[in-house]
>>> print(open('run.csv').read())   # CSV, C-alpha atoms and all ligand atoms
chain,number,residue,atom,x,y,z
A,192,MET,CA,46.6,-18.0,-53.2
A,193,ILE,CA,45.0,-14.9,-54.6
A,194,TYR,CA,45.6,-12.0,-52.3
A,195,LEU,CA,43.0,-9.3,-52.4
A,196,ASP,CA,43.5,-7.8,-49.0
A,197,ASN,CA,46.1,-5.1,-49.9
A,198,ALA,CA,44.4,-2.5,-47.7
A,199,ALA,CA,45.3,-4.6,-44.7
A,200,THR,CA,48.9,-4.9,-45.9
A,201,THR,CA,50.4,-5.0,-49.4
A,202,PRO,CA,53.7,-6.6,-50.5
A,203,MET,CA,56.8,-4.5,-50.6
A,204,LEU,CA,57.8,-3.1,-53.9
A,205,THR,CA,60.7,-5.1,-55.2
A,206,GLU,CA,62.9,-2.0,-55.7
A,207,ALA,CA,62.1,-0.8,-52.2
A,208,TRP,CA,63.1,-4.2,-50.8
A,209,GLN,CA,66.4,-4.1,-52.7
A,210,LYS,CA,67.2,-0.7,-51.4
A,211,MET,CA,66.7,-1.7,-47.7
A,212,GLN,CA,68.3,-5.1,-48.0
A,213,PRO,CA,71.9,-4.1,-47.3
A,214,TRP,CA,70.7,-2.4,-44.1
A,215,SER,CA,68.5,-5.3,-42.9
A,216,SER,CA,71.1,-7.9,-43.8
A,217,GLY,CA,73.8,-6.1,-41.8
A,218,ASN,CA,76.0,-5.4,-44.8
A,219,LEU,CA,75.5,-1.8,-44.0
A,220,ILE,CA,75.4,-0.9,-40.3
A,221,GLY,CA,75.4,2.2,-38.2
A,222,ASN,CA,73.5,4.2,-35.7
A,223,PRO,CA,72.5,7.6,-37.1
A,224,SER,CA,73.5,9.2,-33.8
A,225,SER,CA,77.1,8.0,-34.0
A,226,LEU,CA,79.8,10.4,-35.0
A,227,HIS,CA,82.0,7.9,-37.0
A,228,SER,CA,81.7,7.1,-40.7
A,229,ALA,CA,79.2,4.3,-40.2
A,230,GLY,CA,77.0,6.6,-38.2
A,231,ARG,CA,77.3,9.3,-40.9
A,232,ALA,CA,76.3,6.8,-43.6
A,233,ALA,CA,73.2,5.8,-41.6
A,234,ARG,CA,72.4,9.4,-40.9
A,235,ASN,CA,72.6,10.2,-44.7
A,236,ALA,CA,70.4,7.2,-45.5
A,237,VAL,CA,67.8,8.4,-43.1
A,238,ARG,CA,68.0,11.9,-44.4
A,239,GLU,CA,67.6,10.7,-48.0
A,240,ALA,CA,64.5,8.8,-47.0
A,241,ARG,CA,63.1,11.8,-45.2
A,242,VAL,CA,63.5,13.9,-48.4
A,243,SER,CA,61.5,11.3,-50.3
A,244,VAL,CA,58.7,11.1,-47.8
A,245,ALA,CA,58.6,15.0,-47.6
A,246,ASN,CA,58.4,15.1,-51.4
A,247,LEU,CA,55.6,12.5,-51.6
A,248,ILE,CA,53.3,14.6,-49.4
A,249,GLY,CA,54.4,18.1,-50.5
A,250,ALA,CA,55.9,19.1,-47.1
A,251,ARG,CA,57.8,22.4,-47.2
A,252,SER,CA,60.7,21.1,-45.2
A,253,VAL,CA,62.2,17.7,-44.4
A,254,ASP,CA,62.1,18.7,-40.7
A,255,GLU,CA,58.4,18.4,-40.8
A,256,VAL,CA,58.6,14.6,-41.0
A,257,ILE,CA,58.8,12.5,-37.9
A,258,PHE,CA,59.5,8.8,-38.4
A,259,THR,CA,57.3,6.4,-36.3
A,260,SER,CA,56.6,2.7,-36.0
A,261,GLY,CA,53.6,3.0,-38.3
A,262,GLY,CA,50.1,4.5,-38.8
A,263,THR,CA,49.0,3.7,-35.3
A,264,GLU,CA,51.8,5.5,-33.6
A,265,SER,CA,51.5,8.4,-36.0
A,266,ASP,CA,47.8,8.8,-35.1
A,267,ASN,CA,48.6,8.4,-31.4
A,268,LEU,CA,51.4,11.0,-31.6
A,269,ALA,CA,49.3,13.5,-33.4
A,270,LEU,CA,46.6,13.5,-30.8
A,271,ARG,CA,48.5,12.8,-27.6
A,272,GLY,CA,51.6,14.7,-28.6
A,273,LEU,CA,49.5,17.9,-29.0
A,274,ALA,CA,47.4,17.3,-25.9
A,275,PRO,CA,49.6,19.1,-23.4
A,276,TYR,CA,49.7,22.2,-25.6
A,277,LEU,CA,45.9,22.1,-26.1
A,278,LYS,CA,45.4,21.8,-22.3
A,279,LYS,CA,47.8,24.7,-21.7
A,280,SER,CA,46.1,26.9,-24.3
A,281,GLY,CA,42.7,26.3,-22.8
A,282,ARG,CA,41.4,24.7,-26.0
A,283,ASN,CA,41.3,21.2,-24.7
A,284,GLY,CA,38.7,19.7,-27.0
A,285,ILE,CA,39.4,17.3,-29.8
A,286,ALA,CA,36.8,16.6,-32.5
A,287,VAL,CA,37.1,13.5,-34.7
A,288,SER,CA,34.9,12.0,-37.4
A,289,ALA,CA,32.7,9.0,-36.5
A,290,ILE,CA,34.5,6.9,-39.1
A,291,GLU,CA,38.0,7.2,-37.8
A,292,HIS,CA,40.3,4.2,-37.4
A,293,HIS,CA,40.6,2.8,-33.9
A,294,ALA,CA,44.1,4.2,-33.7
A,295,ILE,CA,42.3,7.6,-33.4
A,296,LEU,CA,39.2,6.5,-31.6
A,297,ASN,CA,40.9,4.5,-28.8
A,298,GLN,CA,43.4,7.4,-28.3
A,299,CYS,CA,40.4,9.7,-27.9
A,300,SER,CA,39.0,7.4,-25.1
A,301,LEU,CA,42.3,7.7,-23.3
A,302,LEU,CA,42.4,11.4,-23.7
A,303,SER,CA,38.8,11.6,-22.5
A,304,ASP,CA,39.8,9.7,-19.3
A,305,LEU,CA,42.6,12.3,-18.9
A,306,GLY,CA,40.0,15.1,-18.9
A,307,MET,CA,39.9,16.3,-22.5
A,308,GLY,CA,36.6,16.9,-24.3
A,309,ILE,CA,36.0,14.6,-27.2
A,310,TYR,CA,33.5,15.4,-29.9
A,311,ILE,CA,32.3,13.0,-32.6
A,312,ILE,CA,31.4,14.6,-35.9
A,313,PRO,CA,28.8,12.6,-37.9
A,314,VAL,CA,29.1,11.6,-41.6
A,315,ASP,CA,26.4,11.5,-44.2
A,316,SER,CA,25.3,8.3,-46.0
A,317,ASP,CA,28.2,8.7,-48.5
A,318,GLY,CA,30.7,8.7,-45.6
A,319,LEU,CA,31.5,12.4,-46.0
A,320,VAL,CA,31.9,14.6,-42.9
A,321,ASP,CA,28.9,16.6,-42.0
A,322,ILE,CA,30.3,20.1,-42.5
A,323,ASP,CA,27.5,21.9,-40.7
A,324,GLY,CA,27.9,19.5,-37.7
A,325,LEU,CA,31.6,20.3,-37.7
A,326,LYS,CA,30.9,24.0,-37.8
A,327,ARG,CA,28.4,23.8,-35.0
A,328,THR,CA,30.8,21.8,-32.8
A,329,LEU,CA,33.7,24.2,-33.4
A,330,GLU,CA,31.5,27.3,-32.7
A,331,LYS,CA,30.1,26.1,-29.4
A,332,SER,CA,33.1,24.4,-27.8
A,333,SER,CA,36.7,25.0,-27.2
A,334,VAL,CA,38.1,22.5,-29.7
A,335,GLY,CA,41.8,22.9,-30.4
A,336,LEU,CA,42.3,19.9,-32.7
A,337,VAL,CA,40.2,18.1,-35.3
A,338,SER,CA,41.1,14.8,-36.9
A,339,VAL,CA,39.4,13.7,-40.1
A,340,MET,CA,40.8,10.8,-42.2
A,341,LEU,CA,41.6,11.4,-45.8
A,342,ALA,CA,40.4,8.0,-47.0
A,343,ASN,CA,38.5,5.4,-45.1
A,344,ASN,CA,40.0,2.0,-44.7
A,345,GLU,CA,36.7,0.1,-45.0
A,346,THR,CA,34.9,1.9,-47.8
A,347,GLY,CA,37.8,3.6,-49.6
A,348,VAL,CA,35.7,6.8,-49.5
A,349,VAL,CA,37.9,9.9,-49.9
A,350,GLN,CA,37.0,13.2,-48.1
A,351,ILE,CA,37.0,15.4,-51.1
A,352,ASN,CA,36.4,18.5,-49.1
A,353,MET,CA,39.5,18.4,-46.8
A,354,ASP,CA,40.6,21.9,-47.8
A,355,ALA,CA,37.1,23.2,-46.8
A,356,ILE,CA,37.4,21.3,-43.5
A,357,ALA,CA,40.8,22.9,-43.0
A,358,GLU,CA,39.5,26.3,-43.6
A,359,ILE,CA,36.6,25.9,-41.1
A,360,CYS,CA,39.0,24.5,-38.5
A,361,HIS,CA,41.5,27.3,-38.9
A,362,LYS,CA,38.8,30.0,-38.8
A,363,ASN,CA,37.6,28.6,-35.5
A,364,GLY,CA,41.1,28.4,-34.0
A,365,ALA,CA,41.6,24.6,-34.3
A,366,LEU,CA,44.4,22.6,-35.9
A,367,LEU,CA,43.6,19.8,-38.4
A,368,HIS,CA,45.1,16.3,-38.5
A,369,THR,CA,44.4,13.8,-41.2
A,370,ASP,CA,44.9,10.0,-41.1
A,371,ALA,CA,46.1,9.4,-44.6
A,372,VAL,CA,47.3,5.9,-44.0
A,373,GLN,CA,45.2,4.4,-46.7
A,374,ALA,CA,45.5,7.4,-49.1
A,375,VAL,CA,49.3,7.9,-49.3
A,376,GLY,CA,50.7,6.2,-52.4
A,377,HIS,CA,47.2,5.7,-53.8
A,378,MET,CA,46.4,9.3,-54.7
A,379,ASP,CA,48.2,12.6,-55.2
A,380,ILE,CA,48.7,14.3,-51.8
A,381,ASP,CA,50.0,17.8,-51.1
A,382,VAL,CA,49.7,18.9,-47.4
A,383,LYS,CA,49.7,22.5,-48.5
A,384,GLU,CA,46.7,22.1,-50.8
A,385,LEU,CA,44.9,20.0,-48.3
A,386,GLY,CA,45.6,22.7,-45.7
A,387,VAL,CA,46.3,20.1,-42.9
A,388,ASP,CA,48.6,20.7,-40.0
A,389,MET,CA,49.4,17.0,-39.4
A,390,LEU,CA,49.2,13.9,-41.5
A,391,SER,CA,49.8,10.2,-40.7
A,392,LEU,CA,51.2,7.7,-43.1
A,393,SER,CA,52.3,4.1,-43.0
A,394,GLY,CA,54.8,2.2,-45.1
A,395,HIS,CA,53.1,-1.2,-45.4
A,396,LYS,CA,50.1,0.3,-47.1
A,397,PHE,CA,51.9,1.4,-50.2
A,398,GLY,CA,54.8,-1.0,-50.8
A,399,GLY,CA,57.2,0.0,-48.0
A,400,PRO,CA,58.0,-2.3,-45.0
A,401,ASP,CA,55.9,-3.1,-42.0
A,402,GLY,CA,56.4,-1.3,-38.8
A,403,ILE,CA,57.4,2.0,-40.2
A,404,GLY,CA,55.5,5.2,-40.8
A,405,ALA,CA,55.7,8.9,-40.4
A,406,LEU,CA,53.8,11.9,-39.0
A,407,TYR,CA,54.0,15.1,-40.9
A,408,VAL,CA,53.8,18.1,-38.6
A,409,GLN,CA,53.7,21.6,-40.0
A,410,SER,CA,56.8,23.6,-38.7
A,411,LYS,CA,54.9,26.0,-36.4
A,412,VAL,CA,52.8,23.2,-34.9
A,413,MET,CA,56.0,21.1,-34.4
A,414,GLU,CA,57.1,23.7,-31.8
A,415,GLN,CA,54.0,22.8,-29.7
A,416,MET,CA,54.4,19.0,-29.9
A,417,SER,CA,55.4,16.9,-26.9
A,418,PRO,CA,57.0,13.4,-27.5
A,419,ILE,CA,55.0,10.4,-26.4
A,420,ILE,CA,58.1,8.1,-26.4
A,421,LEU,CA,60.8,9.6,-24.2
A,422,GLY,CA,64.5,9.0,-24.2
A,423,GLY,CA,67.2,10.3,-26.5
A,424,GLY,CA,66.9,13.2,-28.8
A,425,GLN,CA,66.2,11.4,-32.0
A,426,GLU,CA,63.8,12.9,-34.5
A,427,ARG,CA,64.7,16.3,-33.2
A,428,GLY,CA,63.4,15.3,-29.8
A,429,ASN,CA,60.0,14.3,-31.1
A,430,ARG,CA,60.4,10.5,-31.0
A,431,ALA,CA,63.1,8.8,-28.9
A,432,GLY,CA,64.8,5.6,-29.7
A,433,MET,CA,67.3,4.5,-32.4
A,434,GLU,CA,65.8,5.0,-35.9
A,435,ASN,CA,64.8,1.7,-37.7
A,436,VAL,CA,67.3,2.5,-40.5
A,437,ALA,CA,66.5,-0.4,-42.7
A,438,ALA,CA,62.7,0.2,-42.6
A,439,ILE,CA,63.2,4.0,-43.0
A,440,VAL,CA,65.3,3.3,-46.1
A,441,GLY,CA,62.6,1.0,-47.4
A,442,LEU,CA,59.9,3.6,-46.7
A,443,GLY,CA,61.9,6.3,-48.4
A,444,ALA,CA,62.5,4.1,-51.5
A,445,ALA,CA,58.7,3.2,-51.7
A,446,SER,CA,57.9,6.9,-51.4
A,447,LYS,CA,60.1,7.7,-54.3
A,448,ILE,CA,58.9,4.9,-56.5
A,449,VAL,CA,55.2,5.6,-56.1
A,450,GLN,CA,55.7,9.2,-57.2
A,451,SER,CA,56.6,8.0,-60.6
A,452,TYR,CA,54.4,5.0,-60.7
A,453,GLU,CA,50.9,4.6,-62.3
A,454,LEU,CA,49.7,2.6,-59.3
A,455,PRO,CA,46.3,4.4,-58.9
A,456,LYS,CA,45.5,4.0,-62.6
A,457,TYR,CA,46.5,0.4,-62.5
A,458,SER,CA,44.5,-0.5,-59.4
A,459,LEU,CA,41.5,1.5,-60.7
A,460,GLY,CA,41.5,-0.7,-63.8
A,461,LEU,CA,41.5,-3.8,-61.6
A,462,ARG,CA,38.7,-2.4,-59.4
A,463,GLN,CA,36.5,-1.7,-62.5
A,464,LEU,CA,37.4,-5.2,-63.9
A,465,PHE,CA,36.3,-6.8,-60.7
A,466,ILE,CA,32.9,-5.0,-60.7
A,467,GLU,CA,32.4,-5.8,-64.4
A,468,CYS,CA,33.2,-9.5,-63.9
A,469,LEU,CA,30.7,-9.7,-60.9
A,470,ARG,CA,28.0,-8.0,-63.0
A,471,GLY,CA,28.4,-10.9,-65.5
A,472,TYR,CA,26.8,-13.2,-62.9
A,473,ASP,CA,23.3,-13.2,-61.5
A,474,VAL,CA,24.3,-11.7,-58.1
A,475,ASP,CA,23.0,-8.4,-56.9
A,476,PHE,CA,25.4,-6.4,-54.9
A,477,ILE,CA,25.9,-2.8,-53.6
A,478,VAL,CA,29.1,-0.8,-54.0
A,479,ASN,CA,29.7,1.3,-50.9
A,480,SER,CA,31.0,4.5,-52.6
A,481,ASP,CA,29.9,6.7,-55.4
A,482,ASN,CA,31.7,6.5,-58.7
A,483,VAL,CA,34.2,9.2,-58.1
A,484,HIS,CA,35.2,9.8,-54.5
A,485,HIS,CA,36.9,6.6,-53.6
A,486,LEU,CA,40.4,5.2,-53.5
A,487,SER,CA,41.3,3.3,-56.7
A,488,ASN,CA,42.4,0.2,-54.8
A,489,ILE,CA,39.5,-0.4,-52.3
A,490,LEU,CA,36.1,-1.9,-53.2
A,491,SER,CA,33.5,-2.3,-50.5
A,492,LEU,CA,30.7,-4.6,-51.5
A,493,THR,CA,27.5,-5.6,-49.8
A,494,PHE,CA,25.6,-8.8,-50.6
A,495,LEU,CA,22.3,-8.4,-48.8
A,496,ASN,CA,21.3,-11.5,-46.8
A,497,VAL,CA,24.7,-13.1,-47.1
A,498,GLY,CA,26.8,-13.2,-44.0
A,499,ALA,CA,30.3,-11.7,-44.7
A,500,GLU,CA,32.0,-14.1,-42.3
A,501,ALA,CA,30.6,-17.3,-44.0
A,502,LEU,CA,31.4,-15.8,-47.4
A,503,LEU,CA,35.0,-15.0,-46.5
A,504,ARG,CA,35.5,-18.5,-45.1
A,505,LEU,CA,34.3,-20.0,-48.4
A,506,MET,CA,36.6,-17.6,-50.3
A,507,ASP,CA,39.5,-18.5,-48.0
A,508,ALA,CA,38.8,-22.2,-48.6
A,509,ASP,CA,39.0,-21.4,-52.4
A,510,GLY,CA,42.4,-19.7,-51.8
A,511,VAL,CA,41.2,-16.1,-52.0
A,512,CYS,CA,42.0,-13.6,-49.2
A,513,MET,CA,39.6,-10.7,-48.7
A,514,SER,CA,38.4,-9.1,-45.6
A,515,ALA,CA,35.3,-8.0,-43.7
A,516,ALA,CA,35.6,-4.6,-42.2
A,517,SER,CA,39.2,-3.6,-41.5
A,518,ALA,CA,41.7,-6.2,-40.5
A,519,CYS,CA,42.4,-4.5,-37.3
A,520,SER,CA,38.9,-5.0,-36.0
A,521,ALA,CA,38.4,-8.4,-37.6
A,522,GLY,CA,37.5,-11.1,-35.1
A,523,SER,CA,35.3,-8.7,-33.3
A,524,LEU,CA,31.6,-9.5,-33.8
A,525,SER,CA,30.4,-6.0,-33.6
A,526,PRO,CA,29.4,-4.6,-37.0
A,527,SER,CA,31.6,-2.0,-38.6
A,528,HIS,CA,31.3,1.4,-36.9
A,529,VAL,CA,32.0,3.0,-40.3
A,530,LEU,CA,29.0,1.6,-42.1
A,531,THR,CA,26.7,2.1,-39.1
A,532,ALA,CA,27.9,5.8,-38.9
A,533,MET,CA,26.9,6.0,-42.6
A,534,GLY,CA,23.4,5.0,-41.5
A,535,ARG,CA,23.5,1.4,-42.6
A,536,SER,CA,22.0,-1.3,-40.4
A,537,PRO,CA,24.1,-3.8,-38.4
A,538,GLU,CA,22.8,-6.6,-40.8
A,539,TYR,CA,23.9,-4.5,-43.8
A,540,ALA,CA,27.3,-4.1,-42.2
A,541,ARG,CA,27.6,-7.8,-41.5
A,542,SER,CA,26.9,-8.5,-45.2
A,543,THR,CA,29.8,-6.3,-46.4
A,544,ILE,CA,33.2,-7.3,-47.6
A,545,ARG,CA,36.3,-5.4,-48.6
A,546,VAL,CA,38.3,-6.3,-51.7
A,547,SER,CA,41.6,-4.4,-52.2
A,548,PHE,CA,44.1,-4.5,-55.0
A,549,GLY,CA,47.8,-4.0,-55.1
A,550,ALA,CA,50.7,-3.3,-57.5
A,551,TYR,CA,51.3,-7.1,-58.0
A,552,THR,CA,47.6,-8.1,-58.4
A,553,THR,CA,47.0,-9.4,-61.9
A,554,LYS,CA,43.9,-9.2,-64.1
A,555,MET,CA,43.7,-12.9,-64.2
A,556,GLU,CA,43.6,-13.1,-60.4
A,557,VAL,CA,40.8,-10.5,-60.4
A,558,GLU,CA,38.7,-12.4,-62.9
A,559,GLU,CA,39.2,-15.7,-61.0
A,560,ALA,CA,38.4,-14.1,-57.7
A,561,ALA,CA,35.3,-12.4,-59.0
A,562,THR,CA,34.0,-15.7,-60.4
A,563,MET,CA,34.6,-17.5,-57.2
A,564,LEU,CA,32.9,-14.7,-55.2
A,565,ALA,CA,29.8,-14.9,-57.4
A,566,LYS,CA,29.7,-18.7,-57.1
A,567,ASN,CA,30.0,-18.5,-53.3
A,568,VAL,CA,27.4,-15.7,-52.9
A,569,LEU,CA,24.9,-17.8,-55.0
A,570,ARG,CA,25.8,-20.9,-52.9
A,571,LEU,CA,25.0,-19.1,-49.6
A,572,ARG,CA,21.9,-17.5,-51.0
A,573,SER,CA,20.6,-20.9,-52.2
A,574,MET,CA,21.4,-22.4,-48.7
A,575,TYR,CA,19.8,-19.6,-46.6
A,576,GLY,CA,17.6,-17.7,-49.1
B,601,LIG,N1,44.8,4.3,-39.9
B,601,LIG,C1,44.2,3.7,-40.9
B,601,LIG,C2,43.1,4.4,-41.7
B,601,LIG,C3,44.4,2.3,-41.2
B,601,LIG,O1,43.8,1.7,-42.2
B,601,LIG,C4,45.4,1.7,-40.4
B,601,LIG,C5,45.7,0.2,-40.6
B,601,LIG,O2,44.9,-0.5,-41.2
B,601,LIG,C6,46.1,2.4,-39.4
B,601,LIG,C7,45.7,3.7,-39.2
B,601,LIG,C8,47.1,1.8,-38.6
B,601,LIG,O3,48.3,1.7,-39.3
B,601,LIG,P1,49.5,0.7,-38.9
B,601,LIG,O4,49.0,-0.7,-39.3
B,601,LIG,O5,50.6,1.1,-39.8
B,601,LIG,O6,49.7,0.8,-37.5
>>> encode(input="run.csv", output="structure tokens", more="lines below")
Ligand code: PLP
Amino acid sequence: MIYLDNAATTPMLTEAWQKMQPWSSGNLIGNPSSLHSAGRAARNAVREARVSVANLIGARSVDEVIFTSGGTESDNLALRGLAPYLKKSGRNGIAVSAIEHHAILNQCSLLSDLGMGIYIIPVDSDGLVDIDGLKRTLEKSSVGLVSVMLANNETGVVQINMDAIAEICHKNGALLHTDAVQAVGHMDIDVKELGVDMLSLSGHKFGGPDGIGALYVQSKVMEQMSPIILGGGQERGNRAGMENVAAIVGLGAASKIVQSYELPKYSLGLRQLFIECLRGYDVDFIVNSDNVHHLSNILSLTFLNVGAEALLRLMDADGVCMSAASACSAGSLSPSHVLTAMGRSPEYARSTIRVSFGAYTTKMEVEEAATMLAKNVLRLRSMYG
């Protein structure tokens, strides 16, 4: 099998797996809330991981990191955890970009039902947030929180102007959250430079384990957060329930490794190789990003007049895993909301696939997969063209 769906989930980095292994096998055991030596060891392991995550994103303090069950929970917590404060402060509007992940969009639907004002900010044809649209929304409404993703999971497009977005938000009295689930580990991130108040990340997107993530919350904003999972006082009262120590250790190890790793450079090489291989065949295709503002590991390709579903089935039969829009919305027949928000037609969206590379993808796999992709596109075009 050739696995080119690393944006859906990517294998754990071996060293991260080795680090968490004693905790998942039970060789090391302990509840971080316990006072005895085993509890202390677990507490120290969690603290060490928190330091690594904080370093990875440039947080000022380890106390700004809340461990969660993954990107979805981090996104949910960012919006719903701040909602009571927003309501109280009279700024109960939330503005989000049109291309957000459903972890944000579906949370907005719930908050809308609960009486909050939800505003959708359009993007341009390159997938970049319409800055004037954002300004207009913030000036005419009482928005207290904006959420704009750092990198899109379907196209890989990076919001290059996040610092400008942050400035506009802050000038208009709104806080800024970014869903950086696809970006963390794949580009340099510093929350201070980005100017964001909250940031979501997820372990299984950059070589950590599944089911673990974190929400960065700037210290002052942390004081306004309400937990969405209630119980004990874990995570300084922000997220109850015993910490998943093994997964946290794995996340911390992955966070440390990727800081000294040339992963973005490596995956960019694979992405370029894939495009070059494809160009060697007589298939025309469109790359859904410009040459610069994209993640190094995600390649969104459109083959006009070729149904993505049929194409992916043929690729799967050939042993190559790729995906249509994001894995989370796969199975739904509606075209990608991301591409349609970028002004593409439903037919265009239905002819688009995502190829994504990881630390363990080899050049040979890339060449083989590109060859098979070209063959299958030509096959489908000859059948239906
Ligand atoms: N946000 C983005 C941009 C994603 O791509 C994903 C997963 O694909 C999520 C959030 C959800 O993350 P998780 O799978 O860790 O819940």
>>> closest_residue(input="run.csv", among="A:Val557, A:Ala550, A:Val474, A:Val408", to="Met513 in chain A", atoms="all atoms listed in the file")
A:Val557
>>> atom_distance(input="run.csv", atom1="CA of Ser228 in chain A", atom2="CA of Met433 in chain A")
16.8 Å
>>> closest_residue(input="run.csv", among="A:Glu556, A:Asp266, A:Asp354, A:Asp473", to="ligand LIG 601 (chain B)", atoms="all atoms listed in the file")
A:Asp266
>>> atom_distance(input="run.csv", atom1="CA of Leu571 in chain A", atom2="CA of Asn496 in chain A")
8.9 Å
>>> closest_atom_pairs(input="run.csv", of="chain A", to="ligand LIG 601 (chain B)", cutoff="6 Å", atoms="all atoms listed in the file", output="JSON lines")
{"residue": "A:Ala199", "atom": "CA", "partner": "B:LIG601", "partner_atom": "O2", "distance": 5.4}
{"residue": "A:Gly261", "atom": "CA", "partner": "B:LIG601", "partner_atom": "O5", "distance": 3.9}
{"residue": "A:Gly262", "atom": "CA", "partner": "B:LIG601", "partner_atom": "O3", "distance": 3.4}
{"residue": "A:Thr263", "atom": "CA", "partner": "B:LIG601", "partner_atom": "O6", "distance": 3.7}
{"residue": "A:His292", "atom": "CA", "partner": "B:LIG601", "partner_atom": "C2", "distance": 5.1}
{"residue": "A:Ala294", "atom": "CA", "partner": "B:LIG601", "partner_atom": "C7", "distance": 5.7}
{"residue": "A:Asn343", "atom": "CA", "partner": "B:LIG601", "partner_atom": "C2", "distance": 5.8}
{"residue": "A:Asn344", "atom": "CA", "partner": "B:LIG601", "partner_atom": "O1", "distance": 4.6}
{"residue": "A:Asp370", "atom": "CA", "partner": "B:LIG601", "partner_atom": "N1", "distance": 5.8}
{"residue": "A:Val372", "atom": "CA", "partner": "B:LIG601", "partner_atom": "C1", "distance": 4.9}
{"residue": "A:Gln373", "atom": "CA", "partner": "B:LIG601", "partner_atom": "C2", "distance": 5.4}
{"residue": "A:Ser393", "atom": "CA", "partner": "B:LIG601", "partner_atom": "O5", "distance": 4.7}
>>> closest_residue(input="run.csv", among="A:Tyr457, A:Tyr472, A:Trp208, A:Phe494", to="Met563 in chain A", atoms="only C-alpha atoms")
A:Tyr472
>>> residues_near_point(input="run.csv", point="(44.1, -0.9, -62.6)", cutoff="10 Å", atoms="only C-alpha atoms", output="list in words")
Glu453, Leu454, Pro455, Lys456, Tyr457, Ser458, Leu459, Gly460, Leu461, Arg462, Gln463, Leu464, Phe465, Ser487, Asn488, Phe548, Gly549, Ala550, Thr552, Thr553 and Lys554 of chain A
>>> write_last_selection(input="run.csv", atoms="C-alpha atoms", output="tab-separated table (two decimals), in the frame of the given file")
chain	number	residue	atom	x	y	z
A	453	GLU	CA	50.90	4.60	-62.30
A	454	LEU	CA	49.70	2.60	-59.30
A	455	PRO	CA	46.30	4.40	-58.90
A	456	LYS	CA	45.50	4.00	-62.60
A	457	TYR	CA	46.50	0.40	-62.50
A	458	SER	CA	44.50	-0.50	-59.40
A	459	LEU	CA	41.50	1.50	-60.70
A	460	GLY	CA	41.50	-0.70	-63.80
A	461	LEU	CA	41.50	-3.80	-61.60
A	462	ARG	CA	38.70	-2.40	-59.40
A	463	GLN	CA	36.50	-1.70	-62.50
A	464	LEU	CA	37.40	-5.20	-63.90
A	465	PHE	CA	36.30	-6.80	-60.70
A	487	SER	CA	41.30	3.30	-56.70
A	488	ASN	CA	42.40	0.20	-54.80
A	548	PHE	CA	44.10	-4.50	-55.00
A	549	GLY	CA	47.80	-4.00	-55.10
A	550	ALA	CA	50.70	-3.30	-57.50
A	552	THR	CA	47.60	-8.10	-58.40
A	553	THR	CA	47.00	-9.40	-61.90
A	554	LYS	CA	43.90	-9.20	-64.10
>>> closest_residue(input="run.csv", among="A:Val375, A:Leu530, A:Arg504, A:Thr543", to="Gly399 in chain A", atoms="only C-alpha atoms")
A:Val375
>>> closest_residue(input="run.csv", among="A:Ala342, A:Ala236, A:Ile193, A:Ala515", to="His485 in chain A", atoms="only C-alpha atoms")
A:Ala342
>>> residues_near_point(input="run.csv", point="(67.0, 14.9, -44.5)", cutoff="8 Å", atoms="only C-alpha atoms", output="PyMOL selection string")
chain A and resi 235+237-242+253-254
>>> closest_atom_pairs(input="run.csv", of="range 403-442 of chain A", to="range 267-278 of chain A", cutoff="6 Å", atoms="only C-alpha atoms", output="tab-separated table")
residue	atom	partner	partner_atom	distance
A:Gln415	CA	A:Tyr276	CA	6.0
A:Met416	CA	A:Leu273	CA	5.1
A:Ser417	CA	A:Gly272	CA	4.7
A:Pro418	CA	A:Gly272	CA	5.7
A:Ile419	CA	A:Gly272	CA	5.9
>>> closest_atom_pairs(input="run.csv", of="range 299-407 of chain A", to="range 525-529 of chain A", cutoff="9 Å", atoms="all atoms listed in the file", output="tab-separated table")
residue	atom	partner	partner_atom	distance
A:Gly318	CA	A:Val529	CA	7.9
A:Asn343	CA	A:Val529	CA	8.4
A:Glu345	CA	A:Val529	CA	7.3
A:Thr346	CA	A:Val529	CA	8.1
